[in-house]
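K.L.:
The structure is given below, and queries will be raised subsequently.
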Amino acid sequence: MRKEDISLESRKNLPAPKAVGPTQEPGLESGFRRLLPGLVACIIGGAIALVAAKLLPGASPLLIAILLGAIWRNTMNVPAILMPGVTVSSKKLLRTGIVLLGLQLSLSQILGLGPGVLLVVLLSVGVTFGATMLIGKWLGIELAQRLLIAAGFSICGAAAVAAAEGATKAKQDQVATAIGLVVLFGTLMIPIVPALGALMGMNDEAIGMFIGASTHEVAQVVAAGGAVSSSALAVAVTVKLARVVTLAPIVAGVSIYMRKKHDVTDAKKPPLVPLFVLGFIAMMMLRTTGFLSEGLLDAAKVAQTFLLAAAMFGLGLGVHLKSLMRSGSRSLVLAALATLVILVVSAAGTMLFPPLS
């Protein structure tokens, strides 16, 4: 008893415990410090890409940013201290940029292309997504990996992969593989698609439609369309953004399917529609009202380009070609066949339903 009394007495003399709040602040601060190096690296990489694009007329800052990040990743060591911030940049900055991307698109722009073009957009997305899923199943590729590749190659590249990631409960290496394949094959399409369009006798507007309906990344569409002409670029970007609009219903459909067919009871269910996708739609509807000034839209475009460039630099840092090759030849085969499918569908559609002049 005496020992217990002494123990109780000593406890009384102990200082009172500190409040929970102050002890959490250092944790948050240290968490931000952990992210800061990678965030700064991506911001600097995005800024360099913007400057380089100014010095190289017709070059896309987004594509330059991806290439800069990929070159660094595959030629030199990337300090481990950068990776936490790079991961945040490649997700958060990308999604914020996608929301602002909605301000560059209005419903009137899409409808002005004509019903034939809209049909080609739907066929390019739908046929490619379905064919990729079917071919991937034949190749024995996991469902999550198939869904990521199908979304990235049919809709809008890395942005679609990011949108589908939560709905598919995909692993990080599967996400990195899908993004790496999008960058690899989409970059190859930059010179190939305009050349194919010219060989088929298409005019500039039709080549722009072909580019927008087939090429994976928005950045790659800008690079390919800009290399043809300003008119081709305008049509290419509008058609591509029409494909981007399909991101919301497809991600919602994937999310519903995964909830019903592949639910894991002890796992957190993915959101029905990611918040940034809803933000993209809201910005698109806001642009459609016509209330926004040109100055505000121009400022939003600059901010959007910078955010996407910084995010693309972070995505480029995640593209490791050796790891991509080790991920298996089946994923490479699926990516090549998915690219071939969307090229065939979009080329045939462009020839049958050319854009209205």
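Scheme for the structure tokens: letters A, B, ... for chains in order shown; per-chain residue numbers from 1; ligand numbers from 1 in order shown.
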Give me every alpha helix (DSSP H) residue in range 44-122 of chain A, going by DSSP on the backbone, as a PyMOL selection string.
P.N.:
chain A and resi 44-55+61-75+83-88+94-101+107-111+115-122
K.L.:
Residues of range 104-124 of chain A within 10 Å of range 145-166 of chain A: nearest atom pair and distance (Å, one decimal) for each, counting only C-alpha atoms, sorted by chain and number, as JSON lines?
P.N.:
{"residue": "A:Val121", "atom": "CA", "partner": "A:Ile155", "partner_atom": "CA", "distance": 9.5}
{"residue": "A:Leu122", "atom": "CA", "partner": "A:Ser154", "partner_atom": "CA", "distance": 9.9}
{"residue": "A:Leu123", "atom": "CA", "partner": "A:Ser154", "partner_atom": "CA", "distance": 9.8}
{"residue": "A:Ser124", "atom": "CA", "partner": "A:Ser154", "partner_atom": "CA", "distance": 6.9}
K.L.:
Select, from A:Leu343, A:Met285, A:Ala167, A:Leu55, the residue with the minimum atom-to-atom distance to Arg259 in chain A, counting only C-alpha atoms.
P.N.:
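Of all the options, A:Ala167 lies closest to Arg259 in chain A.
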K.L.:
Set the distance at 12 Å and use only C-alpha atoms: which residues neighbour range 233-237 of chain A once local chain neighbours fewer than 6 positions away are removed? I'd like the list as an MDAnalysis selection string.
P.N.:
chainID A and resid 58 60 101 104:105 109:110 112:114 117 121 156 193:194 203:227 243:244 350 354:357
K.L.:
Quick one: distance from CA of Gly116 in chain A to CA of Thr132 in chain A in Å, one decimal?
P.N.:
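Atom-to-atom, CA of Gly116 in chain A and CA of Thr132 in chain A are spaced 23.7 Å apart.
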K.L.:
Here is a test: counting only C-alpha atoms, which residue of A:Ala335, A:Leu296, A:Thr289, A:Ala176 is nearest to Ser90 in chain A?
P.N.:
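Using only C-alpha atoms, Ser90 in chain A sits closest to A:Ala176.
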K.L.:
CA of Val183 in chain A and CA of Leu63 in chain A are how many Å apart?
P.N.:
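Rounded to one decimal, the two atoms are 9.0 Å apart.
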K.L.:
Take CA of Ile66 in chain A and CA of Glu294 in chain A and report the distance between them in Å, one decimal.
P.N.:
28.8 Å
K.L.:
Return the single residue from A:Val175, A:Val333, A:Met351, A:Leu307 that is closest to Met202 in chain A, with distances computed using only C-alpha atoms.
P.N.:
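Closest candidate: A:Met351.
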